[in-house]
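Reading through the structure tokens given below for one structure.
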Amino acid sequence: MTTSGVADFDMSFTDIAEEAFERAGGELRSGYDLRTARRSMNLLTIEWANRGINMWTIEQGSIPFVAGTNTYALPTDTIDVLEHVIRTSPGVAATQVDTTITRISVSTYSSIPNKLQQARPIQVWVQRLRGAPQITVWPTPDQGTALDPFYTFVYWRLRRIENAGNGVETPDMNFRFLPSLVSGLAYYLAMKIPEGMERLDILKQEYEQQFDLAAGEDREKAAVRFVPRNMFIG
């Protein structure tokens, strides 16, 4: 016996919806069934964003700082910013340097006496607004233009999972999460169809188990080393 030699299994949104309906005790028959499955899948992926970090949604971005401007918009699908640095002389191999910039709270930012003071930014306040999130830095940048920046804010963000497609698209997620996606969608659908009511408990249990398995694998595996700051020693 030989193996297939192929390891690229994926599922379209229609395949996922059909499998989920079958697990919930129903059957995908109409256009409305597909619409209600799509709506539930979108809600499900938002729930995943609330559960924690999904590694495949981490993306790097950058914002060129302009002298005299301290507030900048992030992409509208940004959930949060994980890491960030200030890059000086970007693109110049001999002089490019990344310097840590500290994230602060609204309380800390509000206590700064002169928010218009200009220098190299050392602190950033991330505002997770309903529309486009934005950052406000302090001090306000004292050099640079949009076309010729001296300081660049380089960040790694969590973005939203893309919406469920119209039927033929594949989901915006790592293949390891397909079992969790199908199980979760089956649970969501079972709450909406009469045939699924008696299966809710077992579907919920299966969903949580599959999500825990996928999330346990979807993690950073680099070694972690914690070093206390000198101010906390002694």
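Each chain in the structure tokens gets a letter, A, B and so on, in the order shown; residues start at 1 in every chain, and ligands are counted from 1 in the order they appear.
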- Item | Residue list (strand (DSSP E or B), DSSP) for stretch 5-215 of chain A, as a PyMOL selection string | chain A and resi 58-64+71-73+78-88+97-100+102-104+118+123-127+134-138+140+151-159
Suppose we keep C-alpha atoms; can you now write the selection as a PDB file, in the first residue's frame?
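Generated output (again.pdb):
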ATOM      1  CA  ILE A  58       0.214  38.252  14.039  1.00  0.00           C
ATOM      2  CA  GLU A  59       1.426  40.738  11.433  1.00  0.00           C
ATOM      3  CA  GLN A  60       4.227  43.297  11.313  1.00  0.00           C
ATOM      4  CA  GLY A  61       3.554  46.871  10.315  1.00  0.00           C
ATOM      5  CA  SER A  62       5.169  50.281  10.474  1.00  0.00           C
ATOM      6  CA  ILE A  63       4.153  53.934  10.747  1.00  0.00           C
ATOM      7  CA  PRO A  64       6.482  56.770   9.708  1.00  0.00           C
ATOM      8  CA  THR A  71      -1.345  60.495  17.112  1.00  0.00           C
ATOM      9  CA  TYR A  72      -1.518  57.909  14.298  1.00  0.00           C
ATOM     10  CA  ALA A  73      -4.163  55.432  13.105  1.00  0.00           C
ATOM     11  CA  THR A  78      -6.300  45.616  14.434  1.00  0.00           C
ATOM     12  CA  ILE A  79      -7.262  43.884  17.688  1.00  0.00           C
ATOM     13  CA  ASP A  80      -4.216  44.898  19.712  1.00  0.00           C
ATOM     14  CA  VAL A  81      -0.508  45.629  19.484  1.00  0.00           C
ATOM     15  CA  LEU A  82       1.797  42.976  20.955  1.00  0.00           C
ATOM     16  CA  GLU A  83       5.287  44.429  20.521  1.00  0.00           C
ATOM     17  CA  HIS A  84       6.699  47.722  19.278  1.00  0.00           C
ATOM     18  CA  VAL A  85       9.974  49.586  18.788  1.00  0.00           C
ATOM     19  CA  ILE A  86      11.136  52.949  17.490  1.00  0.00           C
ATOM     20  CA  ARG A  87      13.378  52.543  14.445  1.00  0.00           C
ATOM     21  CA  THR A  88      15.744  55.383  13.652  1.00  0.00           C
ATOM     22  CA  VAL A  97      18.684  51.107  15.264  1.00  0.00           C
ATOM     23  CA  ASP A  98      15.593  49.699  17.021  1.00  0.00           C
ATOM     24  CA  THR A  99      14.889  51.137  20.478  1.00  0.00           C
ATOM     25  CA  THR A 100      12.250  49.920  22.900  1.00  0.00           C
ATOM     26  CA  THR A 102       7.197  51.590  26.571  1.00  0.00           C
ATOM     27  CA  ARG A 103       3.445  51.082  26.420  1.00  0.00           C
ATOM     28  CA  ILE A 104       1.548  53.178  28.957  1.00  0.00           C
ATOM     29  CA  GLN A 118       9.148  67.269  21.164  1.00  0.00           C
ATOM     30  CA  GLN A 123       6.210  56.007  25.424  1.00  0.00           C
ATOM     31  CA  VAL A 124       3.120  54.913  23.489  1.00  0.00           C
ATOM     32  CA  TRP A 125      -0.538  54.838  24.485  1.00  0.00           C
ATOM     33  CA  VAL A 126      -2.584  52.345  22.429  1.00  0.00           C
ATOM     34  CA  GLN A 127      -6.236  53.360  22.136  1.00  0.00           C
ATOM     35  CA  GLN A 134      -4.775  54.491  17.152  1.00  0.00           C
ATOM     36  CA  ILE A 135      -1.548  55.206  18.976  1.00  0.00           C
ATOM     37  CA  THR A 136      -0.415  58.364  20.718  1.00  0.00           C
ATOM     38  CA  VAL A 137       3.285  58.755  21.474  1.00  0.00           C
ATOM     39  CA  TRP A 138       5.219  60.920  23.891  1.00  0.00           C
ATOM     40  CA  THR A 140       5.924  64.201  20.149  1.00  0.00           C
ATOM     41  CA  TYR A 151      11.635  57.773  13.360  1.00  0.00           C
ATOM     42  CA  THR A 152       9.458  54.821  12.370  1.00  0.00           C
ATOM     43  CA  PHE A 153       7.071  53.015  14.710  1.00  0.00           C
ATOM     44  CA  VAL A 154       7.537  49.308  13.956  1.00  0.00           C
ATOM     45  CA  TYR A 155       4.946  47.050  15.557  1.00  0.00           C
ATOM     46  CA  TRP A 156       3.594  43.509  15.630  1.00  0.00           C
ATOM     47  CA  ARG A 157      -0.176  43.420  15.861  1.00  0.00           C
ATOM     48  CA  LEU A 158      -3.038  40.981  16.209  1.00  0.00           C
ATOM     49  CA  ARG A 159      -5.497  41.350  13.341  1.00  0.00           C
TER      50      ARG A 159
END
- Selection near A:Leu181, 9 Å with only C-alpha atoms, sequence-local residues under 4 positions removed, as a ChimeraX atom specification: /A:16,20,41,44-45,177,185-186,207,210-211
Mind writing the picked residues with N, CA and C atoms as a short mmCIF file (atom, residue, chain, number, x, y, z; two decimals), in the first residue's frame?
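Written output follows (selection.cif):
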data_model
loop_
_atom_site.label_atom_id
_atom_site.label_comp_id
_atom_site.auth_asym_id
_atom_site.auth_seq_id
_atom_site.Cartn_x
_atom_site.Cartn_y
_atom_site.Cartn_z
N ILE A 16 -17.47 23.11 5.33
CA ILE A 16 -17.50 23.30 6.79
C ILE A 16 -18.94 23.38 7.28
N ALA A 20 -20.83 20.77 9.78
CA ALA A 20 -21.35 21.29 11.04
C ALA A 20 -22.85 21.00 11.18
N MET A 41 -20.40 31.48 11.95
CA MET A 41 -18.95 31.33 11.84
C MET A 41 -18.25 32.65 12.12
N LEU A 44 -18.21 33.09 15.74
CA LEU A 44 -17.30 32.14 16.35
C LEU A 44 -15.86 32.64 16.28
N THR A 45 -15.45 33.19 15.14
CA THR A 45 -14.07 33.67 15.03
C THR A 45 -13.83 34.91 15.91
N PHE A 177 -6.73 24.31 13.10
CA PHE A 177 -7.96 24.76 13.73
C PHE A 177 -9.23 24.31 13.01
N LEU A 185 -18.75 25.49 15.09
CA LEU A 185 -19.89 25.87 14.26
C LEU A 185 -21.06 24.93 14.48
N ALA A 186 -20.79 23.63 14.65
CA ALA A 186 -21.86 22.68 14.94
C ALA A 186 -22.56 23.05 16.25
N TYR A 207 -16.37 20.76 21.21
CA TYR A 207 -15.81 22.04 20.76
C TYR A 207 -14.69 22.50 21.69
N GLN A 210 -11.57 20.30 21.23
CA GLN A 210 -10.84 20.57 19.99
C GLN A 210 -10.15 21.92 20.02
N PHE A 211 -10.79 22.93 20.62
CA PHE A 211 -10.14 24.24 20.69
C PHE A 211 -8.91 24.18 21.60
#
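Between A:Ile46 and the residues A:Gln96, A:Ala146, A:Leu116, A:Ile161, the shortest atom-to-atom distance, using only C-alpha atoms, involves A:Ile161.
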- Message: Could you tell me how far atom CA of A:Met191 sits from atom CA of A:Asp77, in Å to one decimal place?
- Response: 28.5 Å
- Between A:Arg120, A:Val227, A:Phe21, A:Ser180, which is the closest to A:Asp33 once you count only C-alpha atoms? A:Phe21
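Near A:Phe13, within 8 Å and counting only C-alpha atoms, sit Ala164, Gly165, Asn166, Gly167, Val168, Glu169, Thr170 and Pro171 of chain A; same-chain residues fewer than 5 positions away were not included.
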- Query: How far is it from atom CA of A:Val66 to atom CA of A:Asp142, in Å with one decimal?
  - Reply: 7.8 Å
- Separation of atom CA of A:Thr95 from atom CA of A:Phe150 in Å: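 Separating atom CA of A:Phe150 from atom CA of A:Thr95 is a distance of 11.3 Å.
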- DSSP says alpha helix (DSSP H) for which residues of stretch 16-234 of chain A? Put them as an MDAnalysis selection string? chainID A and resid 16:24 31:51 106:110 178:190 200:217
